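What follows is the content of my_file-v8.txt, which has compact mmCIF, C-alpha atoms and all ligand atoms:
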```txt
# COMPACT_ATOMS: atom_id res chain seq x y z
CA MET A 27 -3.38 41.42 60.60
CA SER A 28 -3.55 39.88 64.05
CA LYS A 29 -3.09 42.34 66.89
CA VAL A 30 -1.07 39.91 68.96
CA ILE A 31 2.39 38.39 68.52
CA ALA A 32 4.49 36.09 70.68
CA VAL A 33 8.22 36.22 71.30
CA PHE A 34 9.65 32.91 72.49
CA GLY A 35 12.98 32.03 74.05
CA SER A 36 14.00 28.63 75.44
CA ALA A 37 16.99 26.31 75.27
CA ARG A 38 14.88 24.09 73.00
CA ARG A 39 12.26 24.94 70.41
CA HIS A 40 9.87 22.04 70.89
CA GLY A 41 10.17 21.51 74.63
CA ASN A 42 7.56 22.34 77.25
CA THR A 43 7.46 26.08 76.64
CA GLY A 44 7.57 25.62 72.86
CA LYS A 45 4.59 23.29 72.97
CA PHE A 46 2.73 25.56 75.37
CA ILE A 47 3.19 28.73 73.31
CA ASP A 48 2.46 26.90 70.04
CA TRP A 49 -0.88 25.74 71.46
CA ILE A 50 -1.76 29.23 72.66
CA ALA A 51 -0.61 30.73 69.36
CA GLN A 52 -2.80 28.27 67.46
CA GLU A 53 -5.82 29.21 69.59
CA LEU A 54 -5.16 32.91 69.04
CA ASP A 55 -4.09 32.45 65.39
CA ILE A 56 -0.89 34.42 65.91
CA ASN A 57 2.77 34.09 64.97
CA VAL A 58 5.57 33.03 67.30
CA VAL A 59 9.02 34.57 66.85
CA ASP A 60 11.73 32.24 68.11
CA LEU A 61 14.56 34.36 69.51
CA SER A 62 17.06 31.61 68.73
CA THR A 63 16.54 32.25 65.02
CA LYS A 64 17.70 35.84 65.51
CA ASN A 65 21.17 37.19 65.92
CA ILE A 66 20.72 39.22 69.08
CA SER A 67 23.84 39.74 71.12
CA SER A 68 24.01 40.72 74.75
CA TYR A 69 23.77 44.30 75.92
CA ASP A 70 26.78 46.43 74.97
CA TYR A 71 27.43 49.75 76.72
CA ASP A 72 29.07 50.98 73.50
CA HIS A 73 26.18 49.76 71.32
CA LYS A 74 28.57 48.24 68.82
CA ASN A 75 25.92 45.56 68.21
CA ILE A 76 23.24 48.04 67.15
CA GLU A 77 23.17 46.54 63.63
CA ASP A 78 22.18 43.05 64.78
CA ASP A 79 18.62 41.66 64.59
CA PHE A 80 17.32 43.32 67.75
CA ILE A 81 16.06 46.63 66.37
CA PRO A 82 14.43 45.10 63.24
CA LEU A 83 12.69 42.57 65.51
CA VAL A 84 11.36 45.27 67.82
CA ARG A 85 10.16 47.30 64.83
CA GLN A 86 8.26 44.18 63.73
CA LEU A 87 6.75 43.82 67.24
CA LEU A 88 5.66 47.45 67.23
CA LYS A 89 3.13 46.57 64.51
CA TYR A 90 1.15 44.69 67.17
CA LYS A 91 -0.86 45.99 70.11
CA LYS A 92 -0.12 43.02 72.37
CA ILE A 93 3.11 41.15 72.84
CA ILE A 94 3.37 37.77 74.58
CA PHE A 95 6.73 36.87 76.11
CA ALA A 96 7.13 33.08 76.35
CA THR A 97 9.93 31.54 78.37
CA PRO A 98 10.65 28.71 80.75
CA VAL A 99 11.67 29.51 84.31
CA TYR A 100 15.39 28.81 84.52
CA TRP A 101 16.81 29.41 87.99
CA TYR A 102 13.99 31.77 89.02
CA GLY A 103 14.45 33.89 85.93
CA PRO A 104 13.80 33.82 82.19
CA SER A 105 15.83 31.87 79.63
CA VAL A 106 19.05 33.44 78.37
CA PRO A 107 17.63 34.53 74.99
CA MET A 108 14.68 36.17 76.75
CA LYS A 109 16.94 37.89 79.29
CA THR A 110 19.18 39.10 76.48
CA PHE A 111 16.14 40.50 74.68
CA ILE A 112 14.99 42.28 77.85
CA ASP A 113 18.46 43.68 78.54
CA ARG A 114 18.64 45.07 75.04
CA THR A 115 15.57 47.25 75.63
CA SER A 116 18.07 49.47 77.47
CA ASP A 117 19.21 50.52 73.98
CA PHE A 118 16.02 52.58 73.70
CA LEU A 119 16.90 54.45 76.86
CA ASP A 120 20.54 55.02 75.86
CA VAL A 121 20.56 55.74 72.13
CA PRO A 122 18.86 59.06 71.26
CA SER A 123 17.84 57.92 67.75
CA LEU A 124 15.97 54.96 69.25
CA LYS A 125 13.92 56.88 71.78
CA ASP A 126 10.92 56.89 69.43
CA ILE A 127 10.83 53.10 69.79
CA GLY A 128 10.73 53.48 73.57
CA ARG A 129 7.79 55.87 73.22
CA GLU A 130 5.89 53.52 70.92
CA LEU A 131 6.36 50.66 73.35
CA ARG A 132 4.34 52.61 75.89
CA GLN A 133 1.22 51.91 73.85
CA LYS A 134 1.64 48.14 74.15
CA THR A 135 0.25 45.52 76.49
CA ALA A 136 2.52 42.62 77.42
CA TYR A 137 1.77 39.13 78.71
CA VAL A 138 3.91 36.29 80.00
CA VAL A 139 3.58 32.62 79.06
CA CYS A 140 5.84 30.40 81.14
CA THR A 141 6.54 26.86 82.23
CA SER A 142 8.41 25.43 85.20
CA ILE A 143 8.34 22.38 87.44
CA SER A 144 6.57 24.25 90.24
CA ASP A 145 2.88 24.72 91.04
CA ASP A 146 3.01 28.30 89.86
CA ALA A 147 5.53 30.80 88.50
CA ASP A 148 7.54 32.33 91.34
CA SER A 149 6.38 35.81 92.21
CA SER A 150 9.97 37.01 91.79
CA PHE A 151 9.94 35.73 88.20
CA ILE A 152 6.62 37.39 87.35
CA ASN A 153 7.53 40.56 89.22
CA ALA A 154 10.75 40.91 87.21
CA PHE A 155 8.62 41.06 84.05
CA LYS A 156 5.98 43.29 85.66
CA ASP A 157 8.55 45.74 86.96
CA THR A 158 10.40 45.81 83.65
CA PHE A 159 7.18 46.47 81.75
CA GLU A 160 6.25 49.19 84.22
CA TYR A 161 9.67 50.83 83.88
CA LEU A 162 9.30 50.81 80.10
CA GLY A 163 5.75 52.15 80.33
CA ILE A 164 4.23 48.98 78.89
CA THR A 165 0.89 47.81 80.33
CA TYR A 166 1.12 44.41 81.99
CA GLY A 167 -1.78 42.18 80.92
CA GLY A 168 -1.23 38.96 82.90
CA TYR A 169 0.39 35.54 82.64
CA VAL A 170 -0.33 31.87 82.22
CA HIS A 171 1.86 29.12 83.62
CA ALA A 172 2.18 25.40 82.97
CA ASN A 173 3.54 23.11 85.67
CA CYS A 174 5.64 20.57 83.78
CA HIS A 175 6.88 18.68 86.81
CA ASP A 176 5.48 15.45 85.33
CA GLY A 177 6.14 16.48 81.75
CA TYR A 178 4.00 18.60 79.47
CA GLN A 179 0.37 17.66 80.11
CA GLN A 180 -1.78 19.87 77.99
CA ASN A 181 -5.09 18.78 79.52
CA HIS A 182 -3.98 20.09 82.91
CA TYR A 183 -3.61 23.63 81.60
CA ARG A 184 -6.79 23.83 79.54
CA SER A 185 -8.86 25.99 81.85
CA ASP A 186 -5.96 28.37 82.60
CA VAL A 187 -5.29 28.72 78.89
CA GLU A 188 -8.97 29.36 78.19
CA ASP A 189 -8.95 32.14 80.79
CA PHE A 190 -5.74 33.55 79.32
CA ILE A 191 -7.12 33.54 75.78
CA ARG A 192 -10.29 35.22 77.02
CA LEU A 193 -8.20 37.85 78.80
CA ILE A 194 -6.33 38.66 75.62
CA ASN A 195 -9.38 38.59 73.37
CA ASP A 196 -11.51 40.66 75.76
CA GLU A 197 -8.99 43.44 75.62
CA LEU A 198 -8.70 43.47 71.83
C1 LIG B 1 18.65 25.37 83.58
C2 LIG B 1 17.31 25.07 84.17
C3 LIG B 1 16.88 25.78 85.27
C4 LIG B 1 15.62 25.55 85.82
N1 LIG B 1 15.19 26.28 86.89
C5 LIG B 1 13.95 26.10 87.38
C6 LIG B 1 13.47 26.89 88.46
O1 LIG B 1 14.16 27.76 88.99
N2 LIG B 1 12.22 26.63 88.93
C7 LIG B 1 11.42 25.66 88.39
O2 LIG B 1 10.31 25.46 88.85
N3 LIG B 1 11.84 24.93 87.31
C8 LIG B 1 13.08 25.12 86.81
N4 LIG B 1 13.50 24.38 85.73
C9 LIG B 1 12.56 23.47 85.06
C10 LIG B 1 11.98 24.13 83.79
O3 LIG B 1 11.44 25.42 84.08
C11 LIG B 1 10.87 23.30 83.18
O4 LIG B 1 11.32 21.99 82.95
C12 LIG B 1 10.38 23.93 81.89
O5 LIG B 1 9.12 23.42 81.55
C13 LIG B 1 11.36 23.71 80.75
O6 LIG B 1 10.90 24.32 79.59
P1 LIG B 1 11.63 24.06 78.19
O7 LIG B 1 11.28 22.66 77.76
O8 LIG B 1 11.10 25.10 77.26
O9 LIG B 1 13.11 24.23 78.46
C14 LIG B 1 14.77 24.58 85.22
C15 LIG B 1 15.22 23.84 84.11
C16 LIG B 1 16.47 24.09 83.58
C17 LIG B 1 16.94 23.29 82.37
```
Would you encode the structure as structure tokens?
Amino acid sequence: MSKVIAVFGSARRHGNTGKFIDWIAQELDINVVDLSTKNISSYDYDHKNIEDDFIPLVRQLLKYKKIIFATPVYWYGPSVPMKTFIDRTSDFLDVPSLKDIGRELRQKTAYVVCTSISDDADSSFINAFKDTFEYLGITYGGYVHANCHDGYQQNHYRSDVEDFIRLINDEL
């Protein structure tokens, strides 16, 4: 089994971020989980949604050493499905029976794959991921960004993607 998996969230499956992560996933020979195919509801203080698809998905992710989070930049932050996923990690901090999941996450390394219409991902966007990973005890591995200001232009990202793939493979 591959040691890497990607979790993807965007308002469209085959847009810029979808194409970008599919290319990277093909290079790495890994699977991409599209959050829009899952029933994951927003964070609930009462955890009445604990039976939705979130916990089974995280248990699936725990089988991998490295997790790639793929999202466009929407208003300086991640897409709604990605933000919802991140918010739900609070379940591991709140619900005693889920604390083992929180502990297992501390053995993981996480990466960010993102697209926007800017030269680079805003530091606030990347830092939100970095800080969240740090809070959860997950090692941050790095990110790759595609500037889609003039549309998705795969050739423009080739050397960044090669570096990113090397980064992931070197650490395997
Ligand atoms: C709702 C929305 C908000 C956006 N906010 C930003 C932003 O804050 N900074 C930026 O550079 N691009 C922004 N963009 C542009 C997208 O990040 C960019 O087009 C991205 O490649 C879209 O990926 P997608 O095809 O997966 O949706 C925004 C686009 C949308 C639709």
Check which residues fall inside 9 Å of ligand LIG 1 (chain B) when counting all atoms listed in the file, and print them as a PDB file with C-alpha atoms, in the frame of the given file.
```pdb
ATOM      1  CA  GLY A  35      12.980  32.030  74.050  1.00  0.00           C
ATOM      2  CA  SER A  36      14.000  28.630  75.440  1.00  0.00           C
ATOM      3  CA  ALA A  37      16.990  26.310  75.270  1.00  0.00           C
ATOM      4  CA  ARG A  38      14.880  24.090  73.000  1.00  0.00           C
ATOM      5  CA  ARG A  39      12.260  24.940  70.410  1.00  0.00           C
ATOM      6  CA  HIS A  40       9.870  22.040  70.890  1.00  0.00           C
ATOM      7  CA  GLY A  41      10.170  21.510  74.630  1.00  0.00           C
ATOM      8  CA  ASN A  42       7.560  22.340  77.250  1.00  0.00           C
ATOM      9  CA  THR A  43       7.460  26.080  76.640  1.00  0.00           C
ATOM     10  CA  GLY A  44       7.570  25.620  72.860  1.00  0.00           C
ATOM     11  CA  LYS A  45       4.590  23.290  72.970  1.00  0.00           C
ATOM     12  CA  PHE A  46       2.730  25.560  75.370  1.00  0.00           C
ATOM     13  CA  ALA A  96       7.130  33.080  76.350  1.00  0.00           C
ATOM     14  CA  THR A  97       9.930  31.540  78.370  1.00  0.00           C
ATOM     15  CA  PRO A  98      10.650  28.710  80.750  1.00  0.00           C
ATOM     16  CA  VAL A  99      11.670  29.510  84.310  1.00  0.00           C
ATOM     17  CA  TYR A 100      15.390  28.810  84.520  1.00  0.00           C
ATOM     18  CA  TRP A 101      16.810  29.410  87.990  1.00  0.00           C
ATOM     19  CA  TYR A 102      13.990  31.770  89.020  1.00  0.00           C
ATOM     20  CA  GLY A 103      14.450  33.890  85.930  1.00  0.00           C
ATOM     21  CA  PRO A 104      13.800  33.820  82.190  1.00  0.00           C
ATOM     22  CA  SER A 105      15.830  31.870  79.630  1.00  0.00           C
ATOM     23  CA  CYS A 140       5.840  30.400  81.140  1.00  0.00           C
ATOM     24  CA  THR A 141       6.540  26.860  82.230  1.00  0.00           C
ATOM     25  CA  SER A 142       8.410  25.430  85.200  1.00  0.00           C
ATOM     26  CA  ILE A 143       8.340  22.380  87.440  1.00  0.00           C
ATOM     27  CA  SER A 144       6.570  24.250  90.240  1.00  0.00           C
ATOM     28  CA  ASP A 145       2.880  24.720  91.040  1.00  0.00           C
ATOM     29  CA  ASP A 146       3.010  28.300  89.860  1.00  0.00           C
ATOM     30  CA  ALA A 147       5.530  30.800  88.500  1.00  0.00           C
ATOM     31  CA  ASP A 148       7.540  32.330  91.340  1.00  0.00           C
ATOM     32  CA  ALA A 172       2.180  25.400  82.970  1.00  0.00           C
ATOM     33  CA  ASN A 173       3.540  23.110  85.670  1.00  0.00           C
ATOM     34  CA  CYS A 174       5.640  20.570  83.780  1.00  0.00           C
ATOM     35  CA  HIS A 175       6.880  18.680  86.810  1.00  0.00           C
ATOM     36  CA  GLY A 177       6.140  16.480  81.750  1.00  0.00           C
ATOM     37  CA  TYR A 178       4.000  18.600  79.470  1.00  0.00           C
TER      38      TYR A 178
END
```
### One-decimal distance in Å that lies between CA of Leu193 (chain A) and CA of Asn181 (chain A)
19.3 Å
#### Entry: Straight-line distance linking CA of Asp196 (chain A) with CA of Ser149 (chain A), stated in Å to one decimal
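According to the coordinates, CA of Asp196 (chain A) and CA of Ser149 (chain A) are separated by 24.8 Å.
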### Task
Might you pull out every residue within 8 Å of Arg132 (chain A), with only C-alpha atoms counted and same-chain residues fewer than 3 positions away left off, and present them as a list in words?
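Contacts, with the query itself left out: Gly128, Arg129, Leu162, Gly163, Ile164 and Thr165 of chain A.
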### Task
Rank A:Trp49, A:Ser116, A:Leu54, A:Phe34 by their smallest atom-to-atom distance to Asp70 (chain A), using only C-alpha atoms, and report the top residue only.
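Between A:Trp49, A:Ser116, A:Leu54, A:Phe34, the residue approaching Asp70 (chain A) most closely is A:Ser116.
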### Task
Measuring atom to atom with all atoms listed in the file, identify which of A:Leu119, A:Asp113, A:Lys134, A:Ile94 is nearest to Tyr169 (chain A).
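Answer, going by the shortest atom-to-atom distance: A:Ile94.
For Leu88 (chain A), the non-local neighbours within 10 Å, defined as residues at least 2 positions apart in the same chain or in other chains and counting only C-alpha atoms, are Ile31, Pro82, Leu83, Val84, Arg85, Gln86, Tyr90, Lys91, Lys92, Ile93, Ile127, Glu130, Leu131, Gln133 and Lys134 of chain A.
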### Message
So, with only C-alpha atoms as the atoms that count, which of A:Arg184, A:Val106, A:Arg192, A:Tyr137 lies closest to Tyr166 (chain A)?
### Response
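Ranking A:Arg184, A:Val106, A:Arg192, A:Tyr137 by distance to Tyr166 (chain A), first place goes to A:Tyr137.
From CA of Asn195 (chain A) back to CA of Gly168 (chain A), the distance works out to 12.5 Å.
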### Query
Which residue out of A:Leu87, A:Ile50, A:Asp55, A:Gly167 has the minimum interatomic distance to Ile152 (chain A) when all atoms listed in the file are used?
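Between A:Leu87, A:Ile50, A:Asp55, A:Gly167, the residue approaching Ile152 (chain A) most closely is A:Gly167.
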### Task
With a distance cut-off of 12 Å and only C-alpha atoms, select the neighbouring residues of Asp72 (chain A), excluding the residue or stretch itself and same-chain residues fewer than 2 positions from it, and output the selection as a VMD selection string.
chain A and resid 68 to 70 74 to 76 116 to 117 120 to 121
### Query
A:Asp79, A:Glu160, A:Asp126, A:Asp186: which is nearest Ser62 (chain A), counting only C-alpha atoms?
A:Asp79
### Query
Looking at A:Tyr161, A:Phe95, A:Phe151, A:Phe118, which one is nearest to Val139 (chain A), with distances taken over only C-alpha atoms?
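Once distances to Val139 (chain A) are computed over only C-alpha atoms, the minimum belongs to A:Phe95.
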Please complete region 135-151 of chain A with N, CA and C atoms and give it back as a PDB file, in the frame of the given file.
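Full text of out-v7.pdb as output:
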```pdb
ATOM      1  N   THR A 135       0.568  46.348  75.324  1.00  0.00           N
ATOM      2  CA  THR A 135       0.250  45.520  76.490  1.00  0.00           C
ATOM      3  C   THR A 135       1.051  44.228  76.353  1.00  0.00           C
ATOM      4  N   ALA A 136       1.668  43.813  77.458  1.00  0.00           N
ATOM      5  CA  ALA A 136       2.520  42.620  77.420  1.00  0.00           C
ATOM      6  C   ALA A 136       2.005  41.542  78.358  1.00  0.00           C
ATOM      7  N   TYR A 137       2.209  40.314  77.961  1.00  0.00           N
ATOM      8  CA  TYR A 137       1.770  39.130  78.710  1.00  0.00           C
ATOM      9  C   TYR A 137       2.950  38.165  78.840  1.00  0.00           C
ATOM     10  N   VAL A 138       2.860  37.282  79.823  1.00  0.00           N
ATOM     11  CA  VAL A 138       3.910  36.290  80.000  1.00  0.00           C
ATOM     12  C   VAL A 138       3.296  34.891  79.916  1.00  0.00           C
ATOM     13  N   VAL A 139       3.927  34.044  79.126  1.00  0.00           N
ATOM     14  CA  VAL A 139       3.580  32.620  79.060  1.00  0.00           C
ATOM     15  C   VAL A 139       4.810  31.864  79.540  1.00  0.00           C
ATOM     16  N   CYS A 140       4.645  31.029  80.568  1.00  0.00           N
ATOM     17  CA  CYS A 140       5.840  30.400  81.140  1.00  0.00           C
ATOM     18  C   CYS A 140       5.554  28.979  81.596  1.00  0.00           C
ATOM     19  N   THR A 141       6.631  28.210  81.693  1.00  0.00           N
ATOM     20  CA  THR A 141       6.540  26.860  82.230  1.00  0.00           C
ATOM     21  C   THR A 141       7.642  26.683  83.263  1.00  0.00           C
ATOM     22  N   SER A 142       7.386  25.765  84.200  1.00  0.00           N
ATOM     23  CA  SER A 142       8.410  25.430  85.200  1.00  0.00           C
ATOM     24  C   SER A 142       8.043  24.060  85.747  1.00  0.00           C
ATOM     25  N   ILE A 143       8.730  23.641  86.794  1.00  0.00           N
ATOM     26  CA  ILE A 143       8.340  22.380  87.440  1.00  0.00           C
ATOM     27  C   ILE A 143       7.773  22.672  88.827  1.00  0.00           C
ATOM     28  N   SER A 144       7.190  23.847  88.973  1.00  0.00           N
ATOM     29  CA  SER A 144       6.570  24.250  90.240  1.00  0.00           C
ATOM     30  C   SER A 144       5.074  24.452  90.020  1.00  0.00           C
ATOM     31  N   ASP A 145       4.332  24.550  91.134  1.00  0.00           N
ATOM     32  CA  ASP A 145       2.880  24.720  91.040  1.00  0.00           C
ATOM     33  C   ASP A 145       2.507  25.991  90.286  1.00  0.00           C
ATOM     34  N   ASP A 146       3.303  27.012  90.496  1.00  0.00           N
ATOM     35  CA  ASP A 146       3.010  28.300  89.860  1.00  0.00           C
ATOM     36  C   ASP A 146       4.351  28.980  89.559  1.00  0.00           C
ATOM     37  N   ALA A 147       4.313  30.014  88.748  1.00  0.00           N
ATOM     38  CA  ALA A 147       5.530  30.800  88.500  1.00  0.00           C
ATOM     39  C   ALA A 147       5.859  31.566  89.780  1.00  0.00           C
ATOM     40  N   ASP A 148       7.132  31.571  90.147  1.00  0.00           N
ATOM     41  CA  ASP A 148       7.540  32.330  91.340  1.00  0.00           C
ATOM     42  C   ASP A 148       7.153  33.795  91.169  1.00  0.00           C
ATOM     43  N   SER A 149       6.745  34.399  92.307  1.00  0.00           N
ATOM     44  CA  SER A 149       6.380  35.810  92.210  1.00  0.00           C
ATOM     45  C   SER A 149       7.582  36.657  91.791  1.00  0.00           C
ATOM     46  N   SER A 150       8.791  36.237  92.181  1.00  0.00           N
ATOM     47  CA  SER A 150       9.970  37.010  91.790  1.00  0.00           C
ATOM     48  C   SER A 150      10.150  36.997  90.262  1.00  0.00           C
ATOM     49  N   PHE A 151       9.834  35.859  89.656  1.00  0.00           N
ATOM     50  CA  PHE A 151       9.940  35.730  88.200  1.00  0.00           C
ATOM     51  C   PHE A 151       8.915  36.647  87.509  1.00  0.00           C
TER      52      PHE A 151
END
```
